[in-house]
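Q: Sharing a structure here in structure tokens format.
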Amino acid sequence: MSNEWNDQFLTGAQKGDLEVVKQSIERNSDSINHTNSQGQTALSLAAREGHLSIVKYLVERKSNLDTTDENGQTPLSHSAENGHLEIVKYLTENGSDLCRSDDYGSPLSMAAIEGHFEIVKYLTNRGCSVNAVTSEGHSTLIHAILSSNLEIVKYLVERGADIDRADNSGTTPLAYAVMYNRWEIVKYLTSKGVKVNVCDKQGYTPLAIAACRERPVEIVKHLAEVEGINPLLCAVKSGTLTTVKYLIGQGVKIDCVEEEGKTALELAVMYNESCNDEFVEYLTSMCAKK
């Protein structure tokens with residue numbers, strides 16, 4: 001088949017033109033696994049775009065189910081990522097590898113990060129591991145947190161997802177929930193007994209991340225309560241004046257002391273690299289008003 005016919009064949013698969021696909025295969029059935037410049041076959045393109053009739057036609061004519069493109073994605077992972085449940089079911093029932101993973105993850109993790117709950121349920125019911133990870137150590141639970149989908153997060157945890165499993169950087173699911181302001185997920189994970197004082201490879205706990213990055217004070221206060229640490233002292237150590245002002249405005253006592261007996265003001269002076277003069281002046285003025 002000429003390059004022109006190959007291009008028409010792949011374009012037809014992508015656009016859902018079954019007649020063009022049929023004509024191309026009738027001209028040369030050997031072209032069925034021809035790829036475009038990204039390494040995508042007609043089956044991958046049809047699966048990605050949701051064209052079930054073309055997917056069925058190509059599979060019936062022995063198109064390679066598990067061929068990978070330049071990103072390592074298969075037709076199944078493309079359909080899972082884009083929310084095409086019926087295609088996911090059809091490819092799975094016809095022998096696609098459910099557990100095949102690329103740098104972006106497995107079909108299950110692709111569905112989780114895009115928030116496709118029905119596909120997540122289907123794939124787990126078919127035996128996909130909820131604790132499989134990518135090359136960077138990202139679990140399906142982490143992907144669900146990134147998508148901000150509490151429903152999927154709860155489902156994965158109920159199915160045995162490890163709530164404390166960190167990625168290669170030492171960042172836990174809770175830390176990701178904090179970094180991305182997933183307040184409801186933070187509350188859910190702490191209610192399930194997640195470890196709150198685990199440090200990543202840079203030495204930051206989820207609470208420290210919340211304070212350093214000026215995340216909503218509700219998250220800072222909640223994590224501090226769970227961890228048994230005064231949120232004001234944590235915010236001072238992290239050098240986040242906005243959070244300190246909010247906490248004091250919410251009635252957190254400024255004369256609280258840490259285990260070694262140091263006050264918030266003394267800590268601000270001690271941590272002068274992160275707490276500037278404005279920070280110290282503010283605490284000094286607040287102490288004078290108390």
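Every chain in the structure tokens has a letter given in the order shown (A, B, ...), and although residue numbers restart at 1 in each chain, ligands are simply numbered from 1 in the order shown.
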Counting only C-alpha atoms, what is within 12 Å of range 278-288 of chain A, bar same-chain residues fewer than 2 positions away, as a PyMOL selection string?

A: chain A and resi 232-233+235-245+248-249+251-256+263-276+290

Q: Write to file, as a PDB file, in the first residue's frame, the residues of the selection just made, with C-alpha atoms.

A:
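What ended up in part_21.pdb:
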ATOM      1  CA  LEU A 232       1.406  28.213  64.681  1.00  0.00           C
ATOM      2  CA  LEU A 233       4.837  26.909  65.633  1.00  0.00           C
ATOM      3  CA  ALA A 235       4.026  27.837  60.332  1.00  0.00           C
ATOM      4  CA  VAL A 236       6.702  29.950  62.030  1.00  0.00           C
ATOM      5  CA  LYS A 237       9.376  27.324  61.385  1.00  0.00           C
ATOM      6  CA  SER A 238       8.303  27.225  57.753  1.00  0.00           C
ATOM      7  CA  GLY A 239       8.459  31.003  57.397  1.00  0.00           C
ATOM      8  CA  THR A 240       4.902  31.455  56.083  1.00  0.00           C
ATOM      9  CA  LEU A 241       3.670  34.803  57.388  1.00  0.00           C
ATOM     10  CA  THR A 242       0.262  34.577  55.694  1.00  0.00           C
ATOM     11  CA  THR A 243      -0.494  31.343  57.519  1.00  0.00           C
ATOM     12  CA  VAL A 244       0.802  32.751  60.820  1.00  0.00           C
ATOM     13  CA  LYS A 245      -1.459  35.810  60.508  1.00  0.00           C
ATOM     14  CA  ILE A 248      -3.490  34.177  65.065  1.00  0.00           C
ATOM     15  CA  GLY A 249      -6.623  35.742  63.612  1.00  0.00           C
ATOM     16  CA  GLY A 251      -7.489  32.584  67.886  1.00  0.00           C
ATOM     17  CA  VAL A 252      -4.398  30.369  68.046  1.00  0.00           C
ATOM     18  CA  LYS A 253      -2.489  31.486  71.129  1.00  0.00           C
ATOM     19  CA  ILE A 254       0.725  33.311  70.318  1.00  0.00           C
ATOM     20  CA  ASP A 255       2.321  32.417  73.658  1.00  0.00           C
ATOM     21  CA  CYS A 256       2.387  28.689  72.892  1.00  0.00           C
ATOM     22  CA  THR A 263       7.946  30.687  71.845  1.00  0.00           C
ATOM     23  CA  ALA A 264       6.818  31.545  68.325  1.00  0.00           C
ATOM     24  CA  LEU A 265       8.813  34.793  68.439  1.00  0.00           C
ATOM     25  CA  GLU A 266      11.966  33.039  69.612  1.00  0.00           C
ATOM     26  CA  LEU A 267      11.594  30.493  66.820  1.00  0.00           C
ATOM     27  CA  ALA A 268      11.156  33.297  64.259  1.00  0.00           C
ATOM     28  CA  VAL A 269      14.442  34.839  65.370  1.00  0.00           C
ATOM     29  CA  MET A 270      16.115  31.418  65.317  1.00  0.00           C
ATOM     30  CA  TYR A 271      14.844  30.640  61.802  1.00  0.00           C
ATOM     31  CA  ASN A 272      15.843  34.054  60.432  1.00  0.00           C
ATOM     32  CA  GLU A 273      16.678  32.597  57.008  1.00  0.00           C
ATOM     33  CA  SER A 274      12.997  31.841  56.398  1.00  0.00           C
ATOM     34  CA  CYS A 275      11.504  34.486  58.731  1.00  0.00           C
ATOM     35  CA  ASN A 276      12.378  38.022  57.564  1.00  0.00           C
ATOM     36  CA  LYS A 290      -1.527  40.079  74.256  1.00  0.00           C
TER      37      LYS A 290
END

Q: Please provide the set of residues having any atom within 8 Å of Cys99 in chain A, restricted to only C-alpha atoms, with same-chain residues fewer than 3 positions apart removed, written as a list of chain:residue names.

A: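 Contacts, with the query itself left out: A:Ser106, A:Pro107, A:Cys128, A:Ser129.
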
Q: Limited to C-alpha atoms, could you put the picked residues into a file as a PDB file, in the first residue's frame?

A:
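To be explicit, this is the file written out as out_0.pdb:
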ATOM      1  CA  SER A 106      -1.194   0.996  33.521  1.00  0.00           C
ATOM      2  CA  PRO A 107      -4.647   1.238  31.917  1.00  0.00           C
ATOM      3  CA  CYS A 128      -5.766  -5.297  37.896  1.00  0.00           C
ATOM      4  CA  SER A 129      -3.614  -4.591  40.953  1.00  0.00           C
TER       5      SER A 129
END

Q: Nearest residue to Glu114 in chain A out of A:Gln14, A:Asn82, A:Thr140, A:Thr134, using only C-alpha atoms?

A: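 Among A:Gln14, A:Asn82, A:Thr140, A:Thr134, it is A:Asn82 that comes nearest to Glu114 in chain A.
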
Q: Env of range 154-156 of chain A: 10 Å cut, atoms = only C-alpha atoms, seq-sep filter 2 positions within chain, self excluded. Answer as number ranges by chain.

A: A: 112, 117, 120-121, 124, 129-131, 140-141, 144, 149-152, 158-163, 185, 188-189, 192

Q: Could you please take those selected residues and save N, CA and C atoms as a PDB file, in the first residue's frame?

A:
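Dumped to selection_21.pdb:
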ATOM      1  N   ALA A 112      -7.752   6.199  36.321  1.00  0.00           N
ATOM      2  CA  ALA A 112      -7.857   6.889  37.607  1.00  0.00           C
ATOM      3  C   ALA A 112      -7.491   8.361  37.491  1.00  0.00           C
ATOM      4  N   PHE A 117     -14.405   6.537  36.637  1.00  0.00           N
ATOM      5  CA  PHE A 117     -14.677   5.614  37.740  1.00  0.00           C
ATOM      6  C   PHE A 117     -15.170   4.254  37.258  1.00  0.00           C
ATOM      7  N   VAL A 120     -12.305   2.246  36.121  1.00  0.00           N
ATOM      8  CA  VAL A 120     -11.511   1.823  37.285  1.00  0.00           C
ATOM      9  C   VAL A 120     -12.143   0.595  37.927  1.00  0.00           C
ATOM     10  N   LYS A 121     -13.448   0.640  38.136  1.00  0.00           N
ATOM     11  CA  LYS A 121     -14.143  -0.505  38.745  1.00  0.00           C
ATOM     12  C   LYS A 121     -14.044  -1.744  37.858  1.00  0.00           C
ATOM     13  N   THR A 124     -10.382  -3.208  37.938  1.00  0.00           N
ATOM     14  CA  THR A 124     -10.050  -3.858  39.211  1.00  0.00           C
ATOM     15  C   THR A 124     -10.823  -5.161  39.366  1.00  0.00           C
ATOM     16  N   SER A 129      -4.095  -4.910  39.616  1.00  0.00           N
ATOM     17  CA  SER A 129      -3.614  -4.591  40.953  1.00  0.00           C
ATOM     18  C   SER A 129      -3.770  -3.103  41.246  1.00  0.00           C
ATOM     19  N   VAL A 130      -4.346  -2.791  42.396  1.00  0.00           N
ATOM     20  CA  VAL A 130      -4.502  -1.383  42.776  1.00  0.00           C
ATOM     21  C   VAL A 130      -3.192  -0.803  43.295  1.00  0.00           C
ATOM     22  N   ASN A 131      -2.193  -1.658  43.520  1.00  0.00           N
ATOM     23  CA  ASN A 131      -0.919  -1.186  44.051  1.00  0.00           C
ATOM     24  C   ASN A 131       0.212  -1.209  43.035  1.00  0.00           C
ATOM     25  N   THR A 140      -1.646   3.955  41.610  1.00  0.00           N
ATOM     26  CA  THR A 140      -2.962   4.338  41.105  1.00  0.00           C
ATOM     27  C   THR A 140      -3.651   5.289  42.083  1.00  0.00           C
ATOM     28  N   LEU A 141      -3.423   5.094  43.383  1.00  0.00           N
ATOM     29  CA  LEU A 141      -4.006   5.987  44.388  1.00  0.00           C
ATOM     30  C   LEU A 141      -3.489   7.411  44.211  1.00  0.00           C
ATOM     31  N   ALA A 144      -5.237   8.952  41.336  1.00  0.00           N
ATOM     32  CA  ALA A 144      -6.610   9.340  41.673  1.00  0.00           C
ATOM     33  C   ALA A 144      -6.629  10.633  42.480  1.00  0.00           C
ATOM     34  N   ASN A 149     -10.387  13.047  42.595  1.00  0.00           N
ATOM     35  CA  ASN A 149     -11.610  12.246  42.573  1.00  0.00           C
ATOM     36  C   ASN A 149     -11.718  11.434  43.862  1.00  0.00           C
ATOM     37  N   LEU A 150     -12.441  11.988  44.844  1.00  0.00           N
ATOM     38  CA  LEU A 150     -12.571  11.341  46.144  1.00  0.00           C
ATOM     39  C   LEU A 150     -13.249   9.987  46.031  1.00  0.00           C
ATOM     40  N   GLU A 151     -14.212   9.882  45.129  1.00  0.00           N
ATOM     41  CA  GLU A 151     -14.939   8.628  44.951  1.00  0.00           C
ATOM     42  C   GLU A 151     -13.988   7.504  44.541  1.00  0.00           C
ATOM     43  N   ILE A 152     -13.095   7.786  43.600  1.00  0.00           N
ATOM     44  CA  ILE A 152     -12.129   6.775  43.167  1.00  0.00           C
ATOM     45  C   ILE A 152     -11.123   6.496  44.271  1.00  0.00           C
ATOM     46  N   GLU A 158     -10.631   1.027  49.659  1.00  0.00           N
ATOM     47  CA  GLU A 158     -11.473  -0.114  50.048  1.00  0.00           C
ATOM     48  C   GLU A 158     -11.022  -1.406  49.377  1.00  0.00           C
ATOM     49  N   ARG A 159     -10.409  -1.288  48.203  1.00  0.00           N
ATOM     50  CA  ARG A 159      -9.914  -2.458  47.482  1.00  0.00           C
ATOM     51  C   ARG A 159      -8.485  -2.823  47.866  1.00  0.00           C
ATOM     52  N   GLY A 160      -7.929  -2.139  48.866  1.00  0.00           N
ATOM     53  CA  GLY A 160      -6.619  -2.525  49.380  1.00  0.00           C
ATOM     54  C   GLY A 160      -5.450  -1.665  48.967  1.00  0.00           C
ATOM     55  N   ALA A 161      -5.697  -0.488  48.395  1.00  0.00           N
ATOM     56  CA  ALA A 161      -4.594   0.396  48.020  1.00  0.00           C
ATOM     57  C   ALA A 161      -3.817   0.815  49.264  1.00  0.00           C
ATOM     58  N   ASP A 162      -2.496   0.818  49.170  1.00  0.00           N
ATOM     59  CA  ASP A 162      -1.619   1.176  50.282  1.00  0.00           C
ATOM     60  C   ASP A 162      -1.616   2.695  50.439  1.00  0.00           C
ATOM     61  N   ILE A 163      -2.222   3.184  51.520  1.00  0.00           N
ATOM     62  CA  ILE A 163      -2.362   4.629  51.692  1.00  0.00           C
ATOM     63  C   ILE A 163      -1.052   5.304  52.092  1.00  0.00           C
ATOM     64  N   ILE A 185      -9.826  14.920  50.418  1.00  0.00           N
ATOM     65  CA  ILE A 185      -9.002  13.706  50.383  1.00  0.00           C
ATOM     66  C   ILE A 185      -8.065  13.665  51.583  1.00  0.00           C
ATOM     67  N   TYR A 188     -10.126  12.472  54.424  1.00  0.00           N
ATOM     68  CA  TYR A 188     -10.437  11.045  54.276  1.00  0.00           C
ATOM     69  C   TYR A 188      -9.231  10.182  54.628  1.00  0.00           C
ATOM     70  N   LEU A 189      -8.065  10.526  54.112  1.00  0.00           N
ATOM     71  CA  LEU A 189      -6.871   9.713  54.373  1.00  0.00           C
ATOM     72  C   LEU A 189      -6.513   9.704  55.857  1.00  0.00           C
ATOM     73  N   LYS A 192      -8.572   7.384  57.789  1.00  0.00           N
ATOM     74  CA  LYS A 192      -8.233   5.972  57.571  1.00  0.00           C
ATOM     75  C   LYS A 192      -6.919   5.588  58.234  1.00  0.00           C
TER      76      LYS A 192
END

Q: Can you list, as a PDB file with C-alpha atoms, in the first residue's frame, all residues belonging to range 66-235 of chain A that DSSP tags as helix (DSSP H, G or I)?

A:
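New file part.pdb:
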ATOM      1  CA  PRO A  75      -4.922   0.508  22.377  1.00  0.00           C
ATOM      2  CA  LEU A  76      -6.299  -0.517  25.784  1.00  0.00           C
ATOM      3  CA  SER A  77      -4.494   2.242  27.672  1.00  0.00           C
ATOM      4  CA  HIS A  78      -5.650   4.796  25.089  1.00  0.00           C
ATOM      5  CA  SER A  79      -9.275   3.730  25.506  1.00  0.00           C
ATOM      6  CA  ALA A  80      -9.000   3.679  29.319  1.00  0.00           C
ATOM      7  CA  GLU A  81      -7.422   7.130  29.407  1.00  0.00           C
ATOM      8  CA  LEU A  85     -15.691   1.783  28.654  1.00  0.00           C
ATOM      9  CA  GLU A  86     -17.204  -0.390  25.916  1.00  0.00           C
ATOM     10  CA  ILE A  87     -13.919  -0.443  24.022  1.00  0.00           C
ATOM     11  CA  VAL A  88     -12.035  -1.257  27.232  1.00  0.00           C
ATOM     12  CA  LYS A  89     -14.404  -4.182  27.784  1.00  0.00           C
ATOM     13  CA  TYR A  90     -14.132  -5.396  24.191  1.00  0.00           C
ATOM     14  CA  LEU A  91     -10.325  -5.259  24.091  1.00  0.00           C
ATOM     15  CA  THR A  92     -10.069  -6.944  27.481  1.00  0.00           C
ATOM     16  CA  GLU A  93     -12.448  -9.727  26.506  1.00  0.00           C
ATOM     17  CA  PRO A 107      -4.647   1.238  31.917  1.00  0.00           C
ATOM     18  CA  LEU A 108      -6.026   1.330  35.482  1.00  0.00           C
ATOM     19  CA  SER A 109      -3.888   4.284  36.526  1.00  0.00           C
ATOM     20  CA  MET A 110      -4.705   6.074  33.260  1.00  0.00           C
ATOM     21  CA  ALA A 111      -8.405   5.712  34.020  1.00  0.00           C
ATOM     22  CA  ALA A 112      -7.857   6.889  37.607  1.00  0.00           C
ATOM     23  CA  ILE A 113      -5.949  10.053  36.725  1.00  0.00           C
ATOM     24  CA  PHE A 117     -14.677   5.614  37.740  1.00  0.00           C
ATOM     25  CA  GLU A 118     -16.598   2.942  35.820  1.00  0.00           C
ATOM     26  CA  ILE A 119     -13.433   1.903  33.999  1.00  0.00           C
ATOM     27  CA  VAL A 120     -11.511   1.823  37.285  1.00  0.00           C
ATOM     28  CA  LYS A 121     -14.143  -0.505  38.745  1.00  0.00           C
ATOM     29  CA  TYR A 122     -14.202  -2.705  35.658  1.00  0.00           C
ATOM     30  CA  LEU A 123     -10.418  -3.117  35.501  1.00  0.00           C
ATOM     31  CA  THR A 124     -10.050  -3.858  39.211  1.00  0.00           C
ATOM     32  CA  ASN A 125     -12.845  -6.408  38.975  1.00  0.00           C
ATOM     33  CA  THR A 140      -2.962   4.338  41.105  1.00  0.00           C
ATOM     34  CA  LEU A 141      -4.006   5.987  44.388  1.00  0.00           C
ATOM     35  CA  ILE A 142      -1.641   8.890  43.754  1.00  0.00           C
ATOM     36  CA  HIS A 143      -3.076   9.256  40.250  1.00  0.00           C
ATOM     37  CA  ALA A 144      -6.610   9.340  41.673  1.00  0.00           C
ATOM     38  CA  ILE A 145      -5.542  12.040  44.142  1.00  0.00           C
ATOM     39  CA  LEU A 146      -4.082  14.108  41.308  1.00  0.00           C
ATOM     40  CA  LEU A 150     -12.571  11.341  46.144  1.00  0.00           C
ATOM     41  CA  GLU A 151     -14.939   8.628  44.951  1.00  0.00           C
ATOM     42  CA  ILE A 152     -12.129   6.775  43.167  1.00  0.00           C
ATOM     43  CA  VAL A 153      -9.758   7.349  46.103  1.00  0.00           C
ATOM     44  CA  LYS A 154     -12.249   5.749  48.496  1.00  0.00           C
ATOM     45  CA  TYR A 155     -12.852   2.847  46.129  1.00  0.00           C
ATOM     46  CA  LEU A 156      -9.132   2.120  45.725  1.00  0.00           C
ATOM     47  CA  VAL A 157      -8.545   2.238  49.487  1.00  0.00           C
ATOM     48  CA  GLU A 158     -11.473  -0.114  50.048  1.00  0.00           C
ATOM     49  CA  PRO A 173      -0.356   9.983  48.873  1.00  0.00           C
ATOM     50  CA  LEU A 174      -1.143  12.321  51.789  1.00  0.00           C
ATOM     51  CA  ALA A 175       1.648  14.675  50.763  1.00  0.00           C
ATOM     52  CA  TYR A 176       0.258  14.800  47.218  1.00  0.00           C
ATOM     53  CA  ALA A 177      -3.198  15.572  48.577  1.00  0.00           C
ATOM     54  CA  VAL A 178      -1.682  18.449  50.561  1.00  0.00           C
ATOM     55  CA  MET A 179       0.411  19.763  47.660  1.00  0.00           C
ATOM     56  CA  TRP A 183      -8.854  19.021  51.348  1.00  0.00           C
ATOM     57  CA  GLU A 184     -11.570  16.352  51.307  1.00  0.00           C
ATOM     58  CA  ILE A 185      -9.002  13.706  50.383  1.00  0.00           C
ATOM     59  CA  VAL A 186      -6.699  14.878  53.188  1.00  0.00           C
ATOM     60  CA  LYS A 187      -9.535  14.441  55.695  1.00  0.00           C
ATOM     61  CA  TYR A 188     -10.437  11.045  54.276  1.00  0.00           C
ATOM     62  CA  LEU A 189      -6.871   9.713  54.373  1.00  0.00           C
ATOM     63  CA  THR A 190      -6.323  10.870  57.945  1.00  0.00           C
ATOM     64  CA  SER A 191      -9.620   9.252  58.940  1.00  0.00           C
ATOM     65  CA  PRO A 206       2.871  16.718  54.783  1.00  0.00           C
ATOM     66  CA  LEU A 207       2.375  19.295  57.555  1.00  0.00           C
ATOM     67  CA  ALA A 208       5.612  21.071  56.658  1.00  0.00           C
ATOM     68  CA  ILE A 209       4.572  21.072  52.990  1.00  0.00           C
ATOM     69  CA  ALA A 210       1.205  22.595  53.903  1.00  0.00           C
ATOM     70  CA  ALA A 211       2.842  25.352  55.921  1.00  0.00           C
ATOM     71  CA  CYS A 212       5.711  26.058  53.503  1.00  0.00           C
ATOM     72  CA  VAL A 217      -5.061  26.943  56.864  1.00  0.00           C
ATOM     73  CA  GLU A 218      -7.752  24.327  57.438  1.00  0.00           C
ATOM     74  CA  ILE A 219      -5.283  21.755  56.114  1.00  0.00           C
ATOM     75  CA  VAL A 220      -2.459  23.098  58.296  1.00  0.00           C
ATOM     76  CA  LYS A 221      -4.628  23.054  61.419  1.00  0.00           C
ATOM     77  CA  HIS A 222      -6.060  19.623  60.666  1.00  0.00           C
ATOM     78  CA  LEU A 223      -2.673  17.994  60.086  1.00  0.00           C
ATOM     79  CA  ALA A 224      -1.232  19.697  63.146  1.00  0.00           C
ATOM     80  CA  GLU A 225      -4.044  18.318  65.286  1.00  0.00           C
ATOM     81  CA  VAL A 226      -3.574  14.821  63.888  1.00  0.00           C
ATOM     82  CA  GLU A 227       0.188  15.010  64.365  1.00  0.00           C
ATOM     83  CA  PRO A 231       0.088  24.728  63.874  1.00  0.00           C
ATOM     84  CA  LEU A 232       1.406  28.213  64.681  1.00  0.00           C
ATOM     85  CA  LEU A 233       4.837  26.909  65.633  1.00  0.00           C
ATOM     86  CA  CYS A 234       4.971  24.830  62.469  1.00  0.00           C
ATOM     87  CA  ALA A 235       4.026  27.837  60.332  1.00  0.00           C
TER      88      ALA A 235
END

Q: List the spatial neighbours of Asn64 in chain A as a PyMOL selection string - criterion: any atom at most 9 Å away, only C-alpha atoms, same-chain residues fewer than 3 positions off excluded.

A: chain A and resi 32-33+41+43+58-59+67

Q: Looking only at strand (DSSP E or B) from DSSP on the backbone, list the matching residues of range 54-266 of chain A as a list in words.

A: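 Here is the list: Asp102, Gly105, Val133, Ser139, Val257 and Thr263 of chain A.
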
Q: I need the residues from that last selection saved to file as an mmCIF file, in the first residue's frame (with N, CA and C atoms), if you can.

A:
data_model
loop_
_atom_site.group_PDB
_atom_site.id
_atom_site.type_symbol
_atom_site.label_atom_id
_atom_site.label_comp_id
_atom_site.auth_asym_id
_atom_site.auth_seq_id
_atom_site.Cartn_x
_atom_site.Cartn_y
_atom_site.Cartn_z
ATOM 1 N N ASP A 102 3.330 1.536 31.104
ATOM 2 C CA ASP A 102 4.352 2.357 30.463
ATOM 3 C C ASP A 102 4.780 3.440 31.450
ATOM 4 N N GLY A 105 1.930 4.769 33.325
ATOM 5 C CA GLY A 105 1.177 3.860 34.172
ATOM 6 C C GLY A 105 0.419 2.813 33.390
ATOM 7 N N VAL A 133 2.687 0.310 40.270
ATOM 8 C CA VAL A 133 3.267 1.653 40.210
ATOM 9 C C VAL A 133 3.951 1.885 38.866
ATOM 10 N N SER A 139 1.622 5.410 42.320
ATOM 11 C CA SER A 139 0.581 4.386 42.422
ATOM 12 C C SER A 139 -0.717 4.883 41.797
ATOM 13 N N VAL A 257 4.333 27.324 73.347
ATOM 14 C CA VAL A 257 5.764 26.992 73.331
ATOM 15 C C VAL A 257 5.951 25.570 72.822
ATOM 16 N N THR A 263 9.193 30.102 72.325
ATOM 17 C CA THR A 263 7.946 30.687 71.845
ATOM 18 C C THR A 263 8.008 30.874 70.330
#
